[in-house]
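J.: Sending over upload-v4.pdb (PDB, C-alpha atoms, pLDDT in the B column).
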```pdb
ATOM      1  CA  MET A   1       0.000   0.000   0.000  1.00 85.00           C
ATOM      2  CA  THR A   2       1.458   3.345  -1.065  1.00 90.00           C
ATOM      3  CA  GLU A   3       1.420   6.106   1.537  1.00 94.00           C
ATOM      4  CA  ILE A   4       0.875   9.656   0.334  1.00 96.00           C
ATOM      5  CA  ARG A   5       0.525  12.776   2.424  1.00 96.00           C
ATOM      6  CA  GLU A   6      -2.116  15.426   2.333  1.00 97.00           C
ATOM      7  CA  LYS A   7       0.682  17.994   2.728  1.00 96.00           C
ATOM      8  CA  PHE A   8       4.402  17.358   2.342  1.00 96.00           C
ATOM      9  CA  ASP A   9       6.773  19.037   4.820  1.00 94.00           C
ATOM     10  CA  LYS A  10       9.017  21.401   2.857  1.00 92.00           C
ATOM     11  CA  LYS A  11      11.847  20.863   5.347  1.00 94.00           C
ATOM     12  CA  GLU A  12      12.083  17.205   4.334  1.00 96.00           C
ATOM     13  CA  ILE A  13      12.705  18.015   0.683  1.00 96.00           C
ATOM     14  CA  ALA A  14      16.302  19.085   1.379  1.00 93.00           C
ATOM     15  CA  THR A  15      17.086  15.596   2.699  1.00 96.00           C
ATOM     16  CA  LEU A  16      15.881  13.758  -0.413  1.00 97.00           C
ATOM     17  CA  PRO A  17      18.022  12.534  -3.332  1.00 97.00           C
ATOM     18  CA  VAL A  18      17.767  14.586  -6.519  1.00 97.00           C
ATOM     19  CA  ALA A  19      15.696  13.407  -9.492  1.00 97.00           C
ATOM     20  CA  GLN A  20      16.796  14.454 -12.958  1.00 96.00           C
ATOM     21  CA  PHE A  21      15.673  13.683 -16.487  1.00 98.00           C
ATOM     22  CA  ARG A  22      18.215  11.325 -18.044  1.00 97.00           C
ATOM     23  CA  GLY A  23      16.731  10.939 -21.505  1.00 98.00           C
ATOM     24  CA  SER A  24      17.585  12.672 -24.760  1.00 98.00           C
ATOM     25  CA  ILE A  25      17.205  16.454 -24.986  1.00 98.00           C
ATOM     26  CA  TYR A  26      16.750  18.322 -28.256  1.00 98.00           C
ATOM     27  CA  VAL A  27      17.185  22.105 -28.348  1.00 98.00           C
ATOM     28  CA  LEU A  28      15.123  23.574 -31.194  1.00 98.00           C
ATOM     29  CA  LEU A  29      16.192  26.937 -32.583  1.00 98.00           C
ATOM     30  CA  THR A  30      14.311  27.232 -35.865  1.00 97.00           C
ATOM     31  CA  GLU A  31      10.765  26.800 -37.089  1.00 97.00           C
ATOM     32  CA  ARG A  32      11.907  23.953 -39.327  1.00 97.00           C
ATOM     33  CA  GLU A  33      13.391  22.044 -36.378  1.00 98.00           C
ATOM     34  CA  ALA A  34      10.268  22.752 -34.360  1.00 98.00           C
ATOM     35  CA  GLY A  35       8.068  21.393 -37.137  1.00 98.00           C
ATOM     36  CA  LYS A  36       9.900  18.068 -37.215  1.00 98.00           C
ATOM     37  CA  ALA A  37       9.597  17.747 -33.446  1.00 98.00           C
ATOM     38  CA  VAL A  38       5.885  18.544 -33.524  1.00 98.00           C
ATOM     39  CA  ASP A  39       5.307  15.910 -36.222  1.00 98.00           C
ATOM     40  CA  TYR A  40       6.771  13.361 -33.796  1.00 98.00           C
ATOM     41  CA  LEU A  41       4.937  14.701 -30.739  1.00 98.00           C
ATOM     42  CA  LEU A  42       1.587  14.623 -32.519  1.00 98.00           C
ATOM     43  CA  ARG A  43       1.922  10.832 -32.606  1.00 98.00           C
ATOM     44  CA  GLN A  44       2.213  10.593 -28.809  1.00 98.00           C
ATOM     45  CA  PRO A  45      -0.847   9.931 -26.639  1.00 98.00           C
ATOM     46  CA  VAL A  46       0.272  12.155 -23.738  1.00 98.00           C
ATOM     47  CA  VAL A  47       3.161  14.550 -23.094  1.00 98.00           C
ATOM     48  CA  GLY A  48       4.388  16.645 -20.187  1.00 98.00           C
ATOM     49  CA  ILE A  49       4.754  20.377 -20.774  1.00 98.00           C
ATOM     50  CA  ASP A  50       6.225  23.384 -19.008  1.00 97.00           C
ATOM     51  CA  THR A  51       7.613  26.825 -19.855  1.00 96.00           C
ATOM     52  CA  GLU A  52      10.483  29.034 -18.710  1.00 96.00           C
ATOM     53  CA  THR A  53      10.636  32.816 -18.784  1.00 92.00           C
ATOM     54  CA  ARG A  54      13.569  35.131 -18.189  1.00 86.00           C
ATOM     55  CA  PRO A  55      13.238  36.326 -14.593  1.00 80.00           C
ATOM     56  CA  SER A  56      12.401  39.950 -13.964  1.00 71.00           C
ATOM     57  CA  PHE A  57      13.958  41.759 -11.033  1.00 61.00           C
ATOM     58  CA  ARG A  58      12.205  45.092 -11.600  1.00 69.00           C
ATOM     59  CA  ARG A  59       8.651  45.860 -10.612  1.00 71.00           C
ATOM     60  CA  GLY A  60       6.401  46.138 -13.659  1.00 61.00           C
ATOM     61  CA  GLN A  61       8.907  44.480 -16.001  1.00 64.00           C
ATOM     62  CA  TYR A  62       7.723  41.386 -17.871  1.00 71.00           C
ATOM     63  CA  HIS A  63       9.250  39.061 -20.426  1.00 74.00           C
ATOM     64  CA  LYS A  64       7.715  36.762 -23.018  1.00 88.00           C
ATOM     65  CA  VAL A  65       7.993  32.987 -22.672  1.00 94.00           C
ATOM     66  CA  ALA A  66      11.540  32.065 -23.648  1.00 96.00           C
ATOM     67  CA  LEU A  67      11.268  28.275 -23.643  1.00 97.00           C
ATOM     68  CA  LEU A  68       8.584  25.628 -24.093  1.00 98.00           C
ATOM     69  CA  GLN A  69       9.464  22.128 -22.904  1.00 98.00           C
ATOM     70  CA  VAL A  70       7.534  19.113 -24.170  1.00 98.00           C
ATOM     71  CA  SER A  71       8.505  15.695 -22.828  1.00 98.00           C
ATOM     72  CA  THR A  72       7.791  12.044 -23.492  1.00 98.00           C
ATOM     73  CA  PRO A  73       9.087   9.429 -21.017  1.00 97.00           C
ATOM     74  CA  ASP A  74      12.532   9.389 -22.651  1.00 98.00           C
ATOM     75  CA  GLN A  75      12.810  12.441 -24.919  1.00 98.00           C
ATOM     76  CA  CYS A  76      12.375  16.144 -24.240  1.00 98.00           C
ATOM     77  CA  PHE A  77      12.120  18.897 -26.833  1.00 98.00           C
ATOM     78  CA  LEU A  78      13.099  22.439 -25.868  1.00 98.00           C
ATOM     79  CA  PHE A  79      11.469  24.998 -28.141  1.00 98.00           C
ATOM     80  CA  ARG A  80      13.436  28.254 -27.894  1.00 98.00           C
ATOM     81  CA  LEU A  81      10.533  30.618 -28.440  1.00 97.00           C
ATOM     82  CA  CYS A  82      12.758  33.611 -27.720  1.00 95.00           C
ATOM     83  CA  ARG A  83      14.429  32.782 -31.046  1.00 96.00           C
ATOM     84  CA  MET A  84      11.493  31.753 -33.219  1.00 95.00           C
ATOM     85  CA  GLY A  85       8.412  33.223 -31.561  1.00 94.00           C
ATOM     86  CA  VAL A  86       5.414  30.885 -31.340  1.00 94.00           C
ATOM     87  CA  PRO A  87       5.413  29.136 -34.728  1.00 95.00           C
ATOM     88  CA  PRO A  88       2.242  27.645 -36.272  1.00 95.00           C
ATOM     89  CA  CYS A  89       3.473  24.116 -35.566  1.00 97.00           C
ATOM     90  CA  VAL A  90       3.582  24.789 -31.806  1.00 96.00           C
ATOM     91  CA  LYS A  91       0.092  26.237 -31.971  1.00 95.00           C
ATOM     92  CA  ARG A  92      -1.001  23.082 -33.818  1.00 96.00           C
ATOM     93  CA  LEU A  93       0.417  20.886 -31.057  1.00 97.00           C
ATOM     94  CA  MET A  94      -1.204  22.881 -28.272  1.00 96.00           C
ATOM     95  CA  GLU A  95      -4.565  22.862 -30.048  1.00 96.00           C
ATOM     96  CA  SER A  96      -4.483  19.176 -31.028  1.00 98.00           C
ATOM     97  CA  PRO A  97      -7.314  17.179 -29.406  1.00 97.00           C
ATOM     98  CA  LYS A  98      -5.379  13.939 -29.984  1.00 96.00           C
ATOM     99  CA  VAL A  99      -2.389  14.681 -27.743  1.00 98.00           C
ATOM    100  CA  VAL A 100      -3.041  15.088 -24.019  1.00 98.00           C
ATOM    101  CA  LYS A 101      -0.862  17.840 -22.544  1.00 98.00           C
ATOM    102  CA  VAL A 102      -0.089  17.503 -18.817  1.00 98.00           C
ATOM    103  CA  GLY A 103       1.334  20.354 -16.772  1.00 98.00           C
ATOM    104  CA  LEU A 104       1.214  22.443 -13.615  1.00 97.00           C
ATOM    105  CA  SER A 105      -0.312  25.954 -13.525  1.00 94.00           C
ATOM    106  CA  LEU A 106      -1.230  25.573 -17.173  1.00 95.00           C
ATOM    107  CA  LYS A 107      -3.580  28.528 -17.079  1.00 92.00           C
ATOM    108  CA  ASP A 108      -0.595  30.830 -16.543  1.00 91.00           C
ATOM    109  CA  ASP A 109       1.489  29.093 -19.209  1.00 91.00           C
ATOM    110  CA  PHE A 110      -1.286  29.262 -21.780  1.00 92.00           C
ATOM    111  CA  LEU A 111      -1.962  32.900 -20.961  1.00 89.00           C
ATOM    112  CA  GLN A 112       1.665  33.772 -21.642  1.00 88.00           C
ATOM    113  CA  LEU A 113       1.894  31.627 -24.784  1.00 89.00           C
ATOM    114  CA  ASN A 114      -1.323  33.101 -26.125  1.00 86.00           C
ATOM    115  CA  ARG A 115       0.035  36.636 -26.249  1.00 77.00           C
ATOM    116  CA  GLY A 116       0.128  37.447 -29.939  1.00 63.00           C
ATOM    117  CA  SER A 117      -0.551  33.870 -31.087  1.00 75.00           C
ATOM    118  CA  HIS A 118      -4.331  33.556 -30.505  1.00 83.00           C
ATOM    119  CA  MET A 119      -3.877  30.004 -29.280  1.00 88.00           C
ATOM    120  CA  HIS A 120      -6.794  27.899 -28.043  1.00 91.00           C
ATOM    121  CA  PRO A 121      -5.283  24.863 -26.253  1.00 93.00           C
ATOM    122  CA  GLU A 122      -7.268  21.634 -26.176  1.00 95.00           C
ATOM    123  CA  SER A 123      -6.963  18.261 -24.464  1.00 97.00           C
ATOM    124  CA  TYR A 124      -4.932  19.164 -21.410  1.00 97.00           C
ATOM    125  CA  ILE A 125      -4.752  18.078 -17.771  1.00 98.00           C
ATOM    126  CA  GLU A 126      -3.987  20.442 -14.913  1.00 98.00           C
ATOM    127  CA  LEU A 127      -2.007  18.539 -12.294  1.00 98.00           C
ATOM    128  CA  GLN A 128      -3.114  20.839  -9.480  1.00 97.00           C
ATOM    129  CA  ASP A 129      -6.650  19.587 -10.109  1.00 97.00           C
ATOM    130  CA  GLU A 130      -5.614  15.971 -10.647  1.00 97.00           C
ATOM    131  CA  VAL A 131      -3.691  15.612  -7.376  1.00 97.00           C
ATOM    132  CA  LYS A 132      -6.729  16.844  -5.444  1.00 97.00           C
ATOM    133  CA  GLN A 133      -8.570  13.748  -6.626  1.00 95.00           C
ATOM    134  CA  ILE A 134      -6.360  11.592  -4.383  1.00 96.00           C
ATOM    135  CA  GLY A 135      -6.293  14.067  -1.485  1.00 97.00           C
ATOM    136  CA  ILE A 136      -3.013  15.932  -2.052  1.00 97.00           C
ATOM    137  CA  GLU A 137      -3.368  19.600  -1.188  1.00 97.00           C
ATOM    138  CA  ASP A 138       0.098  20.829  -2.185  1.00 96.00           C
ATOM    139  CA  MET A 139       0.230  22.841  -5.389  1.00 96.00           C
ATOM    140  CA  SER A 140       3.983  23.026  -6.141  1.00 96.00           C
ATOM    141  CA  LEU A 141       5.679  20.585  -8.492  1.00 97.00           C
ATOM    142  CA  GLN A 142       8.531  20.060  -6.046  1.00 97.00           C
ATOM    143  CA  LYS A 143       6.266  19.069  -3.141  1.00 97.00           C
ATOM    144  CA  ILE A 144       3.994  16.860  -5.261  1.00 98.00           C
ATOM    145  CA  PHE A 145       6.961  15.010  -6.775  1.00 98.00           C
ATOM    146  CA  ALA A 146       8.608  14.525  -3.378  1.00 98.00           C
ATOM    147  CA  ASN A 147       5.329  13.232  -1.953  1.00 98.00           C
ATOM    148  CA  LEU A 148       4.763  10.646  -4.677  1.00 97.00           C
ATOM    149  CA  PHE A 149       8.320   9.519  -5.429  1.00 97.00           C
ATOM    150  CA  GLY A 150      10.564  10.441  -2.479  1.00 97.00           C
ATOM    151  CA  TYR A 151      12.885  12.526  -4.663  1.00 98.00           C
ATOM    152  CA  LYS A 152      13.428  16.253  -4.951  1.00 96.00           C
ATOM    153  CA  ILE A 153      13.570  18.402  -8.053  1.00 96.00           C
ATOM    154  CA  SER A 154      16.345  20.980  -7.862  1.00 93.00           C
ATOM    155  CA  LYS A 155      15.305  24.596  -8.459  1.00 89.00           C
ATOM    156  CA  ARG A 156      18.834  26.024  -8.791  1.00 88.00           C
ATOM    157  CA  GLN A 157      18.398  27.007 -12.444  1.00 89.00           C
ATOM    158  CA  GLN A 158      14.950  28.570 -12.085  1.00 88.00           C
ATOM    159  CA  LEU A 159      16.129  32.193 -12.003  1.00 80.00           C
ATOM    160  CA  THR A 160      18.810  31.909 -14.669  1.00 90.00           C
ATOM    161  CA  ASN A 161      18.677  33.719 -18.020  1.00 94.00           C
ATOM    162  CA  TRP A 162      16.435  31.674 -20.299  1.00 96.00           C
ATOM    163  CA  GLU A 163      17.096  34.051 -23.187  1.00 95.00           C
ATOM    164  CA  ALA A 164      20.857  33.400 -23.157  1.00 95.00           C
ATOM    165  CA  ASP A 165      22.478  32.729 -26.541  1.00 96.00           C
ATOM    166  CA  VAL A 166      23.239  29.158 -25.486  1.00 97.00           C
ATOM    167  CA  LEU A 167      21.489  27.208 -22.740  1.00 97.00           C
ATOM    168  CA  THR A 168      23.869  25.453 -20.379  1.00 97.00           C
ATOM    169  CA  GLU A 169      23.683  21.723 -19.781  1.00 96.00           C
ATOM    170  CA  ALA A 170      22.320  22.473 -16.302  1.00 96.00           C
ATOM    171  CA  GLN A 171      19.568  24.680 -17.745  1.00 97.00           C
ATOM    172  CA  GLN A 172      18.627  22.044 -20.296  1.00 97.00           C
ATOM    173  CA  ARG A 173      18.389  19.295 -17.674  1.00 97.00           C
ATOM    174  CA  TYR A 174      16.413  21.492 -15.313  1.00 97.00           C
ATOM    175  CA  ALA A 175      13.915  22.482 -18.010  1.00 97.00           C
ATOM    176  CA  ALA A 176      13.519  18.915 -19.247  1.00 98.00           C
ATOM    177  CA  THR A 177      13.103  17.586 -15.718  1.00 98.00           C
ATOM    178  CA  ASP A 178      10.141  19.847 -14.992  1.00 97.00           C
ATOM    179  CA  ALA A 179       8.198  18.733 -18.087  1.00 98.00           C
ATOM    180  CA  TRP A 180       9.147  15.075 -17.554  1.00 98.00           C
ATOM    181  CA  ALA A 181       8.139  15.267 -13.873  1.00 98.00           C
ATOM    182  CA  CYS A 182       4.662  16.428 -14.865  1.00 98.00           C
ATOM    183  CA  LEU A 183       4.287  13.359 -17.056  1.00 98.00           C
ATOM    184  CA  LEU A 184       5.498  11.024 -14.293  1.00 98.00           C
ATOM    185  CA  ILE A 185       3.125  12.531 -11.755  1.00 98.00           C
ATOM    186  CA  HIS A 186       0.164  12.072 -14.098  1.00 98.00           C
ATOM    187  CA  HIS A 187       0.998   8.424 -14.756  1.00 98.00           C
ATOM    188  CA  GLU A 188       1.488   7.745 -11.042  1.00 97.00           C
ATOM    189  CA  ILE A 189      -1.862   9.291 -10.122  1.00 97.00           C
ATOM    190  CA  MET A 190      -3.599   7.278 -12.818  1.00 96.00           C
ATOM    191  CA  LYS A 191      -1.980   4.101 -11.452  1.00 96.00           C
ATOM    192  CA  LEU A 192      -2.925   4.864  -7.847  1.00 95.00           C
ATOM    193  CA  LYS A 193      -6.522   5.608  -8.785  1.00 94.00           C
ATOM    194  CA  THR A 194      -6.841   2.522 -10.989  1.00 95.00           C
ATOM    195  CA  ASN A 195      -5.329   0.099  -8.459  1.00 94.00           C
ATOM    196  CA  ASP A 196      -6.786   1.862  -5.409  1.00 91.00           C
ATOM    197  CA  ASP A 197      -3.720   0.844  -3.412  1.00 87.00           C
ATOM    198  CA  TYR A 198      -2.852   4.040  -1.568  1.00 93.00           C
ATOM    199  CA  VAL A 199      -3.595   5.504   1.823  1.00 95.00           C
ATOM    200  CA  LEU A 200      -3.776   9.234   2.506  1.00 95.00           C
ATOM    201  CA  ILE A 201      -1.987  10.462   5.616  1.00 95.00           C
ATOM    202  CA  LYS A 202      -3.590  13.638   6.934  1.00 91.00           C
ATOM    203  CA  ASP A 203      -1.948  16.226   9.170  1.00 75.00           C
TER     204      ASP A 203
END
```
Represent the structure of the file as structure tokens.
T.:
Amino acid sequence: MTEIREKFDKKEIATLPVAQFRGSIYVLLTEREAGKAVDYLLRQPVVGIDTETRPSFRRGQYHKVALLQVSTPDQCFLFRLCRMGVPPCVKRLMESPKVVKVGLSLKDDFLQLNRGSHMHPESYIELQDEVKQIGIEDMSLQKIFANLFGYKISKRQQLTNWEADVLTEAQQRYAATDAWACLLIHHEIMKLKTNDDYVLIKD
């Protein structure tokens, strides 16, 4: 029987081993590269998604989405939107009813992606809603992942420059891990619900 907690103690996260995406990462710089990746992703039943934006340290200053990450279990595609904008192929992927897109705080991501692209995403799952179905009240990806898998996701690269000319290996792994983690969480919740073999520990 799997034990999950209603709320995960943030202090415990620091003691956990680090989880990191170990699959193949593809950095896409052009619309042509993006199109080939989308052709592949449109054949997948479900993918994990996330975005990264250059941090702003001034009040009232905002930046457009710099990176869109789309992950399968073993491959992650990093669309450098700061280089190519939001191409039609990305819009096609987001609007496809055939591919389920799983992510956290998707409303915010879609709002940012929709600026200037008139995108109408379809067939998506918001993890913050899905985890509630098994009693988890935490809303952060780090806490949810730690709760379900006993591993932590490092946030060291979160406030780095996502519009840099070249993304570092650490940035690429961080970005891929977030999208991949969303996919893992979704599959784990589906398994727990289907098998009904978990117990919720309340505070």
J.: Expressed in Å to a single decimal, how great is the separation between atom CA of Ile153 of chain A and atom CA of Val65 of chain A?
T.: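 Computing it gives 21.4 Å between the two atoms.
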J.: Which residues are near Val131 of chain A? Cut-off 10 Å, all atoms listed in the file, ignore same chain within fewer than 2 positions. Put them as a list in words.
T.: Glu6, Glu126, Leu127, Gln128, Asp129, Gln133, Ile134, Gly135, Ile136, Glu137, Asp138, Met139, Ile144, Ile185, His186, Ile189 and Met190 of chain A
J.: On this structure, the PyMOL selection byres ((chain A and resi 43-52) around 6) would catch which residues? List them as a JSON list (two decimals) with C-alpha atoms, in the frame of the given file, sorted by chain and number.
T.:
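Output file expr.json is given in full below:
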```json
[["chain", "number", "residue", "atom", "x", "y", "z"],
["A", 40, "TYR", "CA", 6.77, 13.36, -33.80],
["A", 41, "LEU", "CA", 4.94, 14.70, -30.74],
["A", 42, "LEU", "CA", 1.59, 14.62, -32.52],
["A", 53, "THR", "CA", 10.64, 32.82, -18.78],
["A", 66, "ALA", "CA", 11.54, 32.06, -23.65],
["A", 67, "LEU", "CA", 11.27, 28.28, -23.64],
["A", 68, "LEU", "CA", 8.58, 25.63, -24.09],
["A", 69, "GLN", "CA", 9.46, 22.13, -22.90],
["A", 70, "VAL", "CA", 7.53, 19.11, -24.17],
["A", 71, "SER", "CA", 8.51, 15.70, -22.83],
["A", 72, "THR", "CA", 7.79, 12.04, -23.49],
["A", 99, "VAL", "CA", -2.39, 14.68, -27.74],
["A", 100, "VAL", "CA", -3.04, 15.09, -24.02],
["A", 101, "LYS", "CA", -0.86, 17.84, -22.54],
["A", 102, "VAL", "CA", -0.09, 17.50, -18.82],
["A", 103, "GLY", "CA", 1.33, 20.35, -16.77],
["A", 179, "ALA", "CA", 8.20, 18.73, -18.09],
["A", 180, "TRP", "CA", 9.15, 15.08, -17.55],
["A", 182, "CYS", "CA", 4.66, 16.43, -14.86],
["A", 183, "LEU", "CA", 4.29, 13.36, -17.06]]
```
J.: Could you please determine the separation between atom CA of Leu93 of chain A and atom CA of Arg80 of chain A in Å, to one decimal place?
T.: 15.3 Å
J.: Go ahead and compute the interatomic distance for atom CA of Lys91 of chain A and atom CA of Gln75 of chain A, in Å to one decimal.
T.: 20.0 Å
J.: Starting from the displayed file, determine the output of the PyMOL selection byres ((chain A and resi 113-120) around 10) and express the residue list as a PyMOL selection string.
T.: chain A and resi 51+64-66+68+81+85-88+90-92+94-96+107-112+121-122
J.: Run the PyMOL selection byres ((chain A and resi 197) around 12) on the file and write out the hits as a ChimeraX atom specification.
T.: /A:1-4,134,188-196,198-200
J.: List as an MDAnalysis selection string: which residues have an atom within 10 Å of (12.0, 9.8, -20.7), counting all atoms listed in the file?
T.: chainID A and resid 21:25 71:76 176:177 180:181 183:184
J.: So which one's closest to Lys98 of chain A, A:Tyr124, A:Tyr151, A:Phe79, A:Tyr174? Using all atoms listed in the file, please.
T.: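 Closest residue, counting all atoms listed in the file: A:Tyr124.
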J.: For each of A:Phe8, A:Ile125, A:Cys89, A:Gln158, take the minimum atom-to-atom distance to Arg173 of chain A, counting only C-alpha atoms, then give the residue where this is smallest.
T.: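 Of all the options, A:Gln158 lies closest to Arg173 of chain A.
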J.: Restricting the calculation to only C-alpha atoms, which member of A:Asn161, A:Ser123, A:Ser140, A:Asn147 is positioned closest to Ser56 of chain A?
T.: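 Of all the options, A:Asn161 lies closest to Ser56 of chain A.
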J.: Could you give me segment 162-191 of chain A completed to N, CA and C atoms, formatted as a compact mmCIF listing (two decimals), keeping the file's coordinate frame?
T.:
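Wrote out-v2.txt, looks like this:
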```
# COMPACT_ATOMS: atom_id res chain seq x y z
N TRP A 162 16.96 32.61 -19.30
CA TRP A 162 16.43 31.67 -20.30
C TRP A 162 16.48 32.23 -21.72
N GLU A 163 16.93 33.46 -21.86
CA GLU A 163 17.10 34.05 -23.19
C GLU A 163 18.57 34.09 -23.60
N ALA A 164 19.43 33.44 -22.84
CA ALA A 164 20.86 33.40 -23.16
C ALA A 164 21.08 32.82 -24.55
N ASP A 165 22.18 33.22 -25.19
CA ASP A 165 22.48 32.73 -26.54
C ASP A 165 22.53 31.21 -26.58
N VAL A 166 23.13 30.62 -25.57
CA VAL A 166 23.24 29.16 -25.49
C VAL A 166 22.80 28.72 -24.09
N LEU A 167 21.91 27.76 -24.03
CA LEU A 167 21.49 27.21 -22.74
C LEU A 167 22.55 26.24 -22.23
N THR A 168 22.89 26.37 -20.97
CA THR A 168 23.87 25.45 -20.38
C THR A 168 23.26 24.06 -20.24
N GLU A 169 24.15 23.09 -20.02
CA GLU A 169 23.68 21.72 -19.78
C GLU A 169 22.77 21.68 -18.56
N ALA A 170 23.13 22.44 -17.52
CA ALA A 170 22.32 22.47 -16.30
C ALA A 170 20.94 23.05 -16.58
N GLN A 171 20.86 24.10 -17.38
CA GLN A 171 19.57 24.68 -17.74
C GLN A 171 18.73 23.68 -18.53
N GLN A 172 19.36 23.01 -19.48
CA GLN A 172 18.63 22.04 -20.30
C GLN A 172 18.05 20.91 -19.44
N ARG A 173 18.85 20.39 -18.53
CA ARG A 173 18.39 19.30 -17.67
C ARG A 173 17.29 19.75 -16.74
N TYR A 174 17.44 20.95 -16.20
CA TYR A 174 16.41 21.49 -15.31
C TYR A 174 15.09 21.63 -16.05
N ALA A 175 15.14 22.25 -17.23
CA ALA A 175 13.92 22.48 -18.01
C ALA A 175 13.25 21.16 -18.40
N ALA A 176 14.05 20.21 -18.85
CA ALA A 176 13.52 18.92 -19.25
C ALA A 176 12.92 18.18 -18.06
N THR A 177 13.57 18.29 -16.91
CA THR A 177 13.10 17.59 -15.72
C THR A 177 11.71 18.05 -15.31
N ASP A 178 11.46 19.34 -15.39
CA ASP A 178 10.14 19.85 -14.99
C ASP A 178 9.02 19.28 -15.87
N ALA A 179 9.23 19.26 -17.18
CA ALA A 179 8.20 18.73 -18.09
C ALA A 179 8.03 17.22 -17.90
N TRP A 180 9.15 16.53 -17.77
CA TRP A 180 9.15 15.08 -17.55
C TRP A 180 8.47 14.72 -16.23
N ALA A 181 8.74 15.51 -15.19
CA ALA A 181 8.14 15.27 -13.87
C ALA A 181 6.62 15.36 -13.93
N CYS A 182 6.12 16.30 -14.72
CA CYS A 182 4.66 16.43 -14.86
C CYS A 182 4.06 15.15 -15.45
N LEU A 183 4.76 14.59 -16.43
CA LEU A 183 4.29 13.36 -17.06
C LEU A 183 4.31 12.20 -16.07
N LEU A 184 5.39 12.09 -15.28
CA LEU A 184 5.50 11.02 -14.29
C LEU A 184 4.41 11.13 -13.23
N ILE A 185 4.15 12.33 -12.78
CA ILE A 185 3.12 12.53 -11.76
C ILE A 185 1.76 12.08 -12.28
N HIS A 186 1.45 12.46 -13.50
CA HIS A 186 0.16 12.07 -14.10
C HIS A 186 0.02 10.56 -14.16
N HIS A 187 1.06 9.88 -14.64
CA HIS A 187 1.00 8.42 -14.76
C HIS A 187 0.86 7.76 -13.38
N GLU A 188 1.55 8.32 -12.39
CA GLU A 188 1.49 7.74 -11.04
C GLU A 188 0.09 7.91 -10.44
N ILE A 189 -0.51 9.06 -10.64
CA ILE A 189 -1.86 9.29 -10.12
C ILE A 189 -2.86 8.36 -10.79
N MET A 190 -2.72 8.19 -12.10
CA MET A 190 -3.60 7.28 -12.82
C MET A 190 -3.47 5.86 -12.28
N LYS A 191 -2.23 5.45 -11.98
CA LYS A 191 -1.98 4.10 -11.45
C LYS A 191 -2.60 3.94 -10.06
```
